[in-house]
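To start, the structure under review is shown below, and the notes come after it.
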Amino acid sequence: MCYHTRLTASDVEVAKALKAEFLEKDIYTPQIEINGFQSPGYPIVVLTEPKIIQYYEWGLLADYLNKQGKSKDSIDAKKARNNCLNAKIETLEEKPSFRDKIGNRCLIPMDGMYEWQWADVNDPRCEKTKYLVTKPDNSVFCCAGLFNEWQDPVTGFTTYCYTICTTEGNELMKKIKNEGERMLVVLNPDEQDAWLDPKIPQMAFWDRSHIQLKAELATVPPKTEKPKKKVKTTKNDLGTQTSLF
């Protein structure tokens, strides 16, 4: 599964990739790393308004939480939401969180996603190497997702939220995401309109073997010791990325 993405492109580049215009362009801020567990607001396009880029929160809140009277800020809702950052495209019809939302399709733009390669796939505590996965030309690409407009049963407020679909990894992603061999459902530009058409079965997008990606070691700020008193310190250079695949 993928819970960390990158969107460093300009608003013009994002709008071009989505073939849409920002509803609130002034609040768009490029980000090097976006953490899904923080439920960030993110620019997406939903099928009901395909020409407008709106901000939805990453992490789908399922309708059953509303029926159970769970507020957005409740422990149960937060836990369930963290489990809905991604949605396996193969099992959408089986999961109560997603089966009624298969028609609620959306596009999520990014120019990179972060994945971790495990040194030992049988040991969750093993050393992990962080990679940045991008398109070969570092351009903005879109992933398939589902959205919901969820009304809090306690406050009455509506949360606009989404999840990103995943599928079996292609050759590159199986090397990187070796403990699960999964990847996001990355769409080529000519597939975006098709994903937004709910009449086309979701499994038509299961095979991602044709998607061209590249992976680089992700730049990680070096750990520094706490400086001693009266010693002036400066930030270390972060270095450059090294292409591996």
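Residue numbering restarts at 1 for every chain of the structure tokens, chains are lettered A, B, ... in their displayed order, and ligands are numbered from 1 as they appear.
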key: Polymer residues at most 9 Å from stretch 183-197 of chain A, only C-alpha atoms, same-chain spacing of 2 or more positions, as an MDAnalysis selection string   = chainID A and resid 1:2 17:18 46:48 50 86 89 103:107 113 141:145 164:170 173:174 177 180:181 199:202 204:208 211
With N, CA and C atoms retained, export the selected residues as a short mmCIF file (atom, residue, chain, number, x, y, z; two decimals), in the first residue's frame.
data_model
loop_
_atom_site.label_atom_id
_atom_site.label_comp_id
_atom_site.auth_asym_id
_atom_site.auth_seq_id
_atom_site.Cartn_x
_atom_site.Cartn_y
_atom_site.Cartn_z
N MET A 1 0.84 -1.19 0.00
CA MET A 1 0.00 0.00 0.00
C MET A 1 0.88 1.25 0.00
N CYS A 2 0.32 2.36 -0.43
CA CYS A 2 1.08 3.60 -0.52
C CYS A 2 0.40 4.67 0.31
N ALA A 17 -2.43 18.37 -16.19
CA ALA A 17 -2.50 16.91 -16.06
C ALA A 17 -3.94 16.44 -15.82
N LEU A 18 -4.69 17.21 -15.06
CA LEU A 18 -6.07 16.84 -14.73
C LEU A 18 -7.09 17.32 -15.77
N VAL A 46 -13.32 15.00 -9.21
CA VAL A 46 -14.36 13.98 -9.04
C VAL A 46 -15.21 13.93 -10.30
N LEU A 47 -15.79 12.77 -10.56
CA LEU A 47 -16.51 12.57 -11.84
C LEU A 47 -17.71 13.49 -12.00
N THR A 48 -18.30 13.93 -10.89
CA THR A 48 -19.49 14.77 -10.99
C THR A 48 -19.16 16.20 -11.42
N PRO A 50 -15.89 17.16 -13.40
CA PRO A 50 -14.58 16.80 -13.95
C PRO A 50 -13.71 17.97 -14.41
N ASN A 86 -6.02 3.46 1.22
CA ASN A 86 -5.96 2.74 -0.06
C ASN A 86 -7.12 1.76 -0.13
N ILE A 89 -8.34 -2.75 -5.66
CA ILE A 89 -9.30 -2.70 -6.75
C ILE A 89 -9.97 -4.06 -6.96
N GLY A 103 -18.91 3.69 -7.94
CA GLY A 103 -19.25 4.68 -8.96
C GLY A 103 -18.75 6.08 -8.65
N ASN A 104 -18.29 6.30 -7.41
CA ASN A 104 -17.78 7.62 -7.00
C ASN A 104 -16.30 7.74 -7.34
N ARG A 105 -16.01 7.91 -8.60
CA ARG A 105 -14.62 7.85 -9.04
C ARG A 105 -13.97 9.23 -9.09
N CYS A 106 -12.67 9.24 -8.85
CA CYS A 106 -11.94 10.50 -8.85
C CYS A 106 -10.51 10.27 -9.34
N LEU A 107 -9.83 11.35 -9.66
CA LEU A 107 -8.44 11.34 -10.10
C LEU A 107 -7.59 12.06 -9.07
N MET A 113 5.63 9.02 -5.68
CA MET A 113 5.09 8.29 -4.54
C MET A 113 6.26 7.59 -3.85
N PHE A 141 1.35 12.70 -12.85
CA PHE A 141 0.49 11.62 -13.31
C PHE A 141 -0.70 11.50 -12.35
N CYS A 142 -1.72 10.79 -12.79
CA CYS A 142 -2.92 10.65 -11.98
C CYS A 142 -3.17 9.19 -11.60
N CYS A 143 -3.73 9.00 -10.42
CA CYS A 143 -4.09 7.67 -9.94
C CYS A 143 -5.61 7.58 -9.79
N ALA A 144 -6.10 6.35 -9.87
CA ALA A 144 -7.54 6.11 -9.73
C ALA A 144 -7.94 6.10 -8.26
N GLY A 145 -9.05 6.73 -7.97
CA GLY A 145 -9.53 6.76 -6.59
C GLY A 145 -11.04 6.77 -6.50
N ILE A 164 -7.24 5.97 -2.49
CA ILE A 164 -6.55 5.67 -3.75
C ILE A 164 -6.57 4.16 -3.97
N CYS A 165 -6.93 3.75 -5.16
CA CYS A 165 -7.00 2.32 -5.48
C CYS A 165 -5.60 1.73 -5.72
N THR A 166 -5.45 0.46 -5.34
CA THR A 166 -4.20 -0.25 -5.56
C THR A 166 -4.48 -1.53 -6.35
N THR A 167 -3.42 -2.07 -6.93
CA THR A 167 -3.52 -3.30 -7.69
C THR A 167 -2.21 -4.07 -7.59
N GLU A 168 -2.12 -5.19 -8.29
CA GLU A 168 -0.88 -5.96 -8.31
C GLU A 168 0.22 -5.12 -8.94
N GLY A 169 1.40 -5.14 -8.35
CA GLY A 169 2.50 -4.33 -8.84
C GLY A 169 3.00 -4.79 -10.20
N ASN A 170 3.48 -3.83 -11.00
CA ASN A 170 4.14 -4.21 -12.24
C ASN A 170 5.57 -4.66 -11.91
N MET A 173 7.53 -2.25 -9.57
CA MET A 173 6.98 -2.08 -8.24
C MET A 173 7.07 -3.34 -7.41
N LYS A 174 7.10 -4.50 -8.04
CA LYS A 174 7.30 -5.73 -7.28
C LYS A 174 8.70 -5.77 -6.68
N LYS A 177 8.26 -2.65 -3.84
CA LYS A 177 7.27 -3.00 -2.82
C LYS A 177 7.28 -4.51 -2.62
N GLY A 180 4.75 -6.76 -0.34
CA GLY A 180 3.35 -6.91 -0.71
C GLY A 180 3.11 -6.94 -2.20
N GLU A 181 4.11 -6.50 -2.95
CA GLU A 181 4.05 -6.49 -4.42
C GLU A 181 2.81 -5.78 -4.94
N LYS A 199 -19.49 3.40 -15.95
CA LYS A 199 -20.01 2.29 -16.74
C LYS A 199 -18.90 1.30 -17.11
N ILE A 200 -17.66 1.76 -17.04
CA ILE A 200 -16.52 0.88 -17.35
C ILE A 200 -16.12 0.16 -16.07
N PRO A 201 -16.10 -1.16 -16.06
CA PRO A 201 -15.78 -1.92 -14.84
C PRO A 201 -14.41 -1.54 -14.27
N GLN A 202 -14.34 -1.49 -12.96
CA GLN A 202 -13.07 -1.11 -12.32
C GLN A 202 -11.95 -2.08 -12.66
N ALA A 204 -11.17 -3.26 -15.36
CA ALA A 204 -10.54 -2.94 -16.64
C ALA A 204 -9.23 -2.21 -16.41
N PHE A 205 -9.01 -1.74 -15.17
CA PHE A 205 -7.80 -0.99 -14.85
C PHE A 205 -6.86 -1.77 -13.94
N TRP A 206 -7.15 -3.04 -13.78
CA TRP A 206 -6.35 -3.88 -12.87
C TRP A 206 -4.92 -4.06 -13.35
N ASP A 207 -4.72 -4.31 -14.64
CA ASP A 207 -3.40 -4.59 -15.19
C ASP A 207 -2.63 -3.29 -15.42
N ARG A 208 -1.54 -3.11 -14.68
CA ARG A 208 -0.71 -1.91 -14.81
C ARG A 208 0.68 -2.24 -15.36
N ILE A 211 2.48 0.48 -17.47
CA ILE A 211 2.82 1.78 -16.88
C ILE A 211 4.34 1.89 -16.72
#
request  = Can you list, as JSON, numbers by chain, all residues belonging to stretch 45-235 of chain A that DSSP tags as strand (DSSP E)?
outcome  = {"A": [45, 46, 52, 53, 54, 55, 56, 57, 58, 86, 87, 88, 105, 106, 107, 108, 109, 110, 112, 113, 114, 115, 116, 117, 118, 128, 129, 130, 131, 132, 133, 134, 141, 142, 143, 144, 145, 146, 147, 148, 149, 150, 151, 158, 159, 160, 161, 162, 163, 164, 165, 166, 167, 168, 182, 183, 184, 186, 187, 214, 215, 216, 217]}
Can I get the selection written as a PDB file, in the first residue's frame, with C-alpha atoms?
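Result went into out-v5.pdb, see below:
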ATOM      1  CA  VAL A  45     -11.077  15.833  -9.619  1.00  0.00           C
ATOM      2  CA  VAL A  46     -14.357  13.979  -9.042  1.00  0.00           C
ATOM      3  CA  ILE A  52     -12.949  21.598 -11.448  1.00  0.00           C
ATOM      4  CA  ILE A  53     -10.078  20.796  -9.065  1.00  0.00           C
ATOM      5  CA  GLN A  54     -11.323  20.643  -5.474  1.00  0.00           C
ATOM      6  CA  TYR A  55      -9.746  19.806  -2.126  1.00  0.00           C
ATOM      7  CA  TYR A  56     -10.709  16.515  -0.516  1.00  0.00           C
ATOM      8  CA  GLU A  57      -9.107  14.861   2.500  1.00  0.00           C
ATOM      9  CA  TRP A  58      -7.034  11.730   2.009  1.00  0.00           C
ATOM     10  CA  ASN A  86      -5.962   2.738  -0.061  1.00  0.00           C
ATOM     11  CA  ALA A  87      -8.517   0.359  -1.562  1.00  0.00           C
ATOM     12  CA  LYS A  88      -7.671  -2.891  -3.351  1.00  0.00           C
ATOM     13  CA  ARG A 105     -14.619   7.853  -9.039  1.00  0.00           C
ATOM     14  CA  CYS A 106     -11.936  10.495  -8.849  1.00  0.00           C
ATOM     15  CA  LEU A 107      -8.437  11.335 -10.097  1.00  0.00           C
ATOM     16  CA  ILE A 108      -5.570  12.005  -7.692  1.00  0.00           C
ATOM     17  CA  PRO A 109      -2.553  13.855  -9.147  1.00  0.00           C
ATOM     18  CA  MET A 110       1.038  13.430  -7.986  1.00  0.00           C
ATOM     19  CA  GLY A 112       5.941  10.937  -7.097  1.00  0.00           C
ATOM     20  CA  MET A 113       5.093   8.285  -4.538  1.00  0.00           C
ATOM     21  CA  TYR A 114       7.271   6.890  -1.758  1.00  0.00           C
ATOM     22  CA  GLU A 115       7.665   3.178  -1.146  1.00  0.00           C
ATOM     23  CA  TRP A 116       9.844   1.098   1.165  1.00  0.00           C
ATOM     24  CA  GLN A 117      11.801  -2.023   0.189  1.00  0.00           C
ATOM     25  CA  TRP A 118      12.242  -4.540   2.997  1.00  0.00           C
ATOM     26  CA  LYS A 128      13.838  -0.665   5.038  1.00  0.00           C
ATOM     27  CA  THR A 129      15.090   1.386   2.108  1.00  0.00           C
ATOM     28  CA  LYS A 130      12.972   4.326   0.996  1.00  0.00           C
ATOM     29  CA  TYR A 131      12.429   4.962  -2.723  1.00  0.00           C
ATOM     30  CA  LEU A 132      10.831   7.765  -4.686  1.00  0.00           C
ATOM     31  CA  VAL A 133       8.887   6.417  -7.666  1.00  0.00           C
ATOM     32  CA  THR A 134       8.096   8.787 -10.535  1.00  0.00           C
ATOM     33  CA  PHE A 141       0.490  11.622 -13.309  1.00  0.00           C
ATOM     34  CA  CYS A 142      -2.925  10.648 -11.981  1.00  0.00           C
ATOM     35  CA  CYS A 143      -4.095   7.672  -9.940  1.00  0.00           C
ATOM     36  CA  ALA A 144      -7.536   6.105  -9.731  1.00  0.00           C
ATOM     37  CA  GLY A 145      -9.527   6.762  -6.588  1.00  0.00           C
ATOM     38  CA  LEU A 146     -12.963   6.747  -4.973  1.00  0.00           C
ATOM     39  CA  PHE A 147     -14.520   9.630  -3.066  1.00  0.00           C
ATOM     40  CA  ASN A 148     -17.202  10.140  -0.459  1.00  0.00           C
ATOM     41  CA  GLU A 149     -19.070  13.125   0.948  1.00  0.00           C
ATOM     42  CA  TRP A 150     -19.491  11.993   4.524  1.00  0.00           C
ATOM     43  CA  GLN A 151     -21.786  13.703   7.024  1.00  0.00           C
ATOM     44  CA  THR A 158     -19.633  17.144   5.794  1.00  0.00           C
ATOM     45  CA  THR A 159     -16.138  15.792   5.119  1.00  0.00           C
ATOM     46  CA  TYR A 160     -15.102  15.470   1.485  1.00  0.00           C
ATOM     47  CA  CYS A 161     -12.684  12.551   1.382  1.00  0.00           C
ATOM     48  CA  TYR A 162     -11.138   9.926  -0.891  1.00  0.00           C
ATOM     49  CA  THR A 163      -9.110   6.732  -1.113  1.00  0.00           C
ATOM     50  CA  ILE A 164      -6.550   5.672  -3.746  1.00  0.00           C
ATOM     51  CA  CYS A 165      -7.000   2.322  -5.480  1.00  0.00           C
ATOM     52  CA  THR A 166      -4.198  -0.250  -5.563  1.00  0.00           C
ATOM     53  CA  THR A 167      -3.520  -3.301  -7.693  1.00  0.00           C
ATOM     54  CA  GLU A 168      -0.880  -5.957  -8.308  1.00  0.00           C
ATOM     55  CA  ARG A 182       1.356  -3.834  -4.755  1.00  0.00           C
ATOM     56  CA  MET A 183       1.162  -0.454  -6.456  1.00  0.00           C
ATOM     57  CA  LEU A 184      -1.238   2.431  -6.898  1.00  0.00           C
ATOM     58  CA  VAL A 186      -1.445   4.740 -12.005  1.00  0.00           C
ATOM     59  CA  LEU A 187      -3.310   5.903 -15.099  1.00  0.00           C
ATOM     60  CA  LYS A 214      11.380   4.839 -12.496  1.00  0.00           C
ATOM     61  CA  ALA A 215      12.686   4.588  -8.930  1.00  0.00           C
ATOM     62  CA  GLU A 216      15.377   6.510  -7.085  1.00  0.00           C
ATOM     63  CA  LEU A 217      16.694   6.369  -3.578  1.00  0.00           C
TER      64      LEU A 217
END
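In this comparison, which uses only C-alpha atoms, the residue of A:Ala15, A:Ala9, A:Ile75, A:Ile176 approaching A:Pro30 most closely is A:Ala9.
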task = Extract, using only C-alpha atoms, all DNA, RNA and protein residues at most 10 Å from A:Asp137, discarding same-chain residues fewer than 4 positions from it, and format them as a ChimeraX atom specification.
result = /A:111,212-214
Selection from above, N, CA and C atoms, as a PDB file, in the first residue's frame, can you write it?
ATOM      1  N   ASP A 111       3.376  13.782  -8.515  1.00  0.00           N
ATOM      2  CA  ASP A 111       4.549  13.612  -9.372  1.00  0.00           C
ATOM      3  C   ASP A 111       5.559  12.677  -8.714  1.00  0.00           C
ATOM      4  N   GLN A 212       4.900   2.948 -17.281  1.00  0.00           N
ATOM      5  CA  GLN A 212       6.335   3.189 -17.212  1.00  0.00           C
ATOM      6  C   GLN A 212       6.660   4.079 -16.013  1.00  0.00           C
ATOM      7  N   LEU A 213       7.508   3.565 -15.129  1.00  0.00           N
ATOM      8  CA  LEU A 213       7.924   4.299 -13.938  1.00  0.00           C
ATOM      9  C   LEU A 213       9.427   4.143 -13.743  1.00  0.00           C
ATOM     10  N   LYS A 214       9.984   4.987 -12.900  1.00  0.00           N
ATOM     11  CA  LYS A 214      11.380   4.839 -12.496  1.00  0.00           C
ATOM     12  C   LYS A 214      11.460   5.023 -10.988  1.00  0.00           C
TER      13      LYS A 214
END
key: In stretch 30-136 of chain A, DSSP helix (DSSP H, G or I) residues written as a ChimeraX atom specification   = /A:36-38,63-67,75-82,89-91
task = Tell me which protein, DNA and RNA residues are within 7 Å of A:Asn35, counting only C-alpha atoms, leaving out same-chain ones fewer than 6 positions away, and put them as a PyMOL selection string.
result = chain A and resi 3-5
Atoms kept (N, CA and C atoms) for selection, written as a short mmCIF file (atom, residue, chain, number, x, y, z; two decimals), in the first residue's frame:
data_model
loop_
_atom_site.label_atom_id
_atom_site.label_comp_id
_atom_site.auth_asym_id
_atom_site.auth_seq_id
_atom_site.Cartn_x
_atom_site.Cartn_y
_atom_site.Cartn_z
N TYR A 3 1.13 5.22 1.27
CA TYR A 3 0.57 6.22 2.16
C TYR A 3 1.32 7.55 2.12
N HIS A 4 2.34 7.64 1.27
CA HIS A 4 3.13 8.86 1.16
C HIS A 4 3.31 9.20 -0.32
N THR A 5 2.96 10.42 -0.70
CA THR A 5 3.09 10.85 -2.09
C THR A 5 3.82 12.18 -2.16
#
ask   = Can you list, as a ChimeraX atom specification, every protein, DNA or RNA residue that comes within 12 Å of A:Pro96 when you count only C-alpha atoms, leaving out same-chain residues fewer than 3 positions away?
value = /A:61-65,80,84,87,91-93,99-102
Please produce a file of the residues just selected, as a PDB file, in the first residue's frame, where the atoms kept are C-alpha atoms.
ATOM      1  CA  LEU A  61     -14.743   7.837   5.829  1.00  0.00           C
ATOM      2  CA  ALA A  62     -17.193   5.008   5.216  1.00  0.00           C
ATOM      3  CA  ASP A  63     -20.972   5.356   5.448  1.00  0.00           C
ATOM      4  CA  TYR A  64     -21.266   2.609   8.072  1.00  0.00           C
ATOM      5  CA  LEU A  65     -19.480   4.914  10.545  1.00  0.00           C
ATOM      6  CA  ALA A  80     -11.211   2.895  10.233  1.00  0.00           C
ATOM      7  CA  CYS A  84      -9.119   3.339   4.022  1.00  0.00           C
ATOM      8  CA  ALA A  87      -8.517   0.359  -1.562  1.00  0.00           C
ATOM      9  CA  THR A  91     -12.000  -6.474  -3.677  1.00  0.00           C
ATOM     10  CA  LEU A  92     -13.967  -3.226  -3.945  1.00  0.00           C
ATOM     11  CA  GLU A  93     -17.248  -5.079  -4.305  1.00  0.00           C
ATOM     12  CA  ARG A  99     -18.752  -1.384  -2.471  1.00  0.00           C
ATOM     13  CA  ASP A 100     -21.346   1.399  -2.512  1.00  0.00           C
ATOM     14  CA  LYS A 101     -18.756   3.924  -3.716  1.00  0.00           C
ATOM     15  CA  ILE A 102     -17.424   2.139  -6.804  1.00  0.00           C
TER      16      ILE A 102
END
request  = Could you please determine the separation between atom CA of A:Phe22 and atom CA of A:Pro43 in Å, to one decimal place?
outcome  = 8.2 Å
message = Can you measure atom CA of A:Leu60 to atom CA of A:Asp11 for me? One decimal in Å is fine.
response = 24.4 Å
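Minimum atom-to-atom distances from A:Leu85, A:Val140, A:Asp26, A:Glu90 to A:Arg6 were compared using only C-alpha atoms, and the lowest value belongs to A:Val140.
The space separating atom CA of A:Tyr42 from atom CA of A:Ala218 comes to 21.8 Å.
Shortest atom-to-atom contact with A:Glu33 among A:Gly69, A:Asn83, A:Thr219, A:Cys126: A:Thr219, counting only C-alpha atoms.
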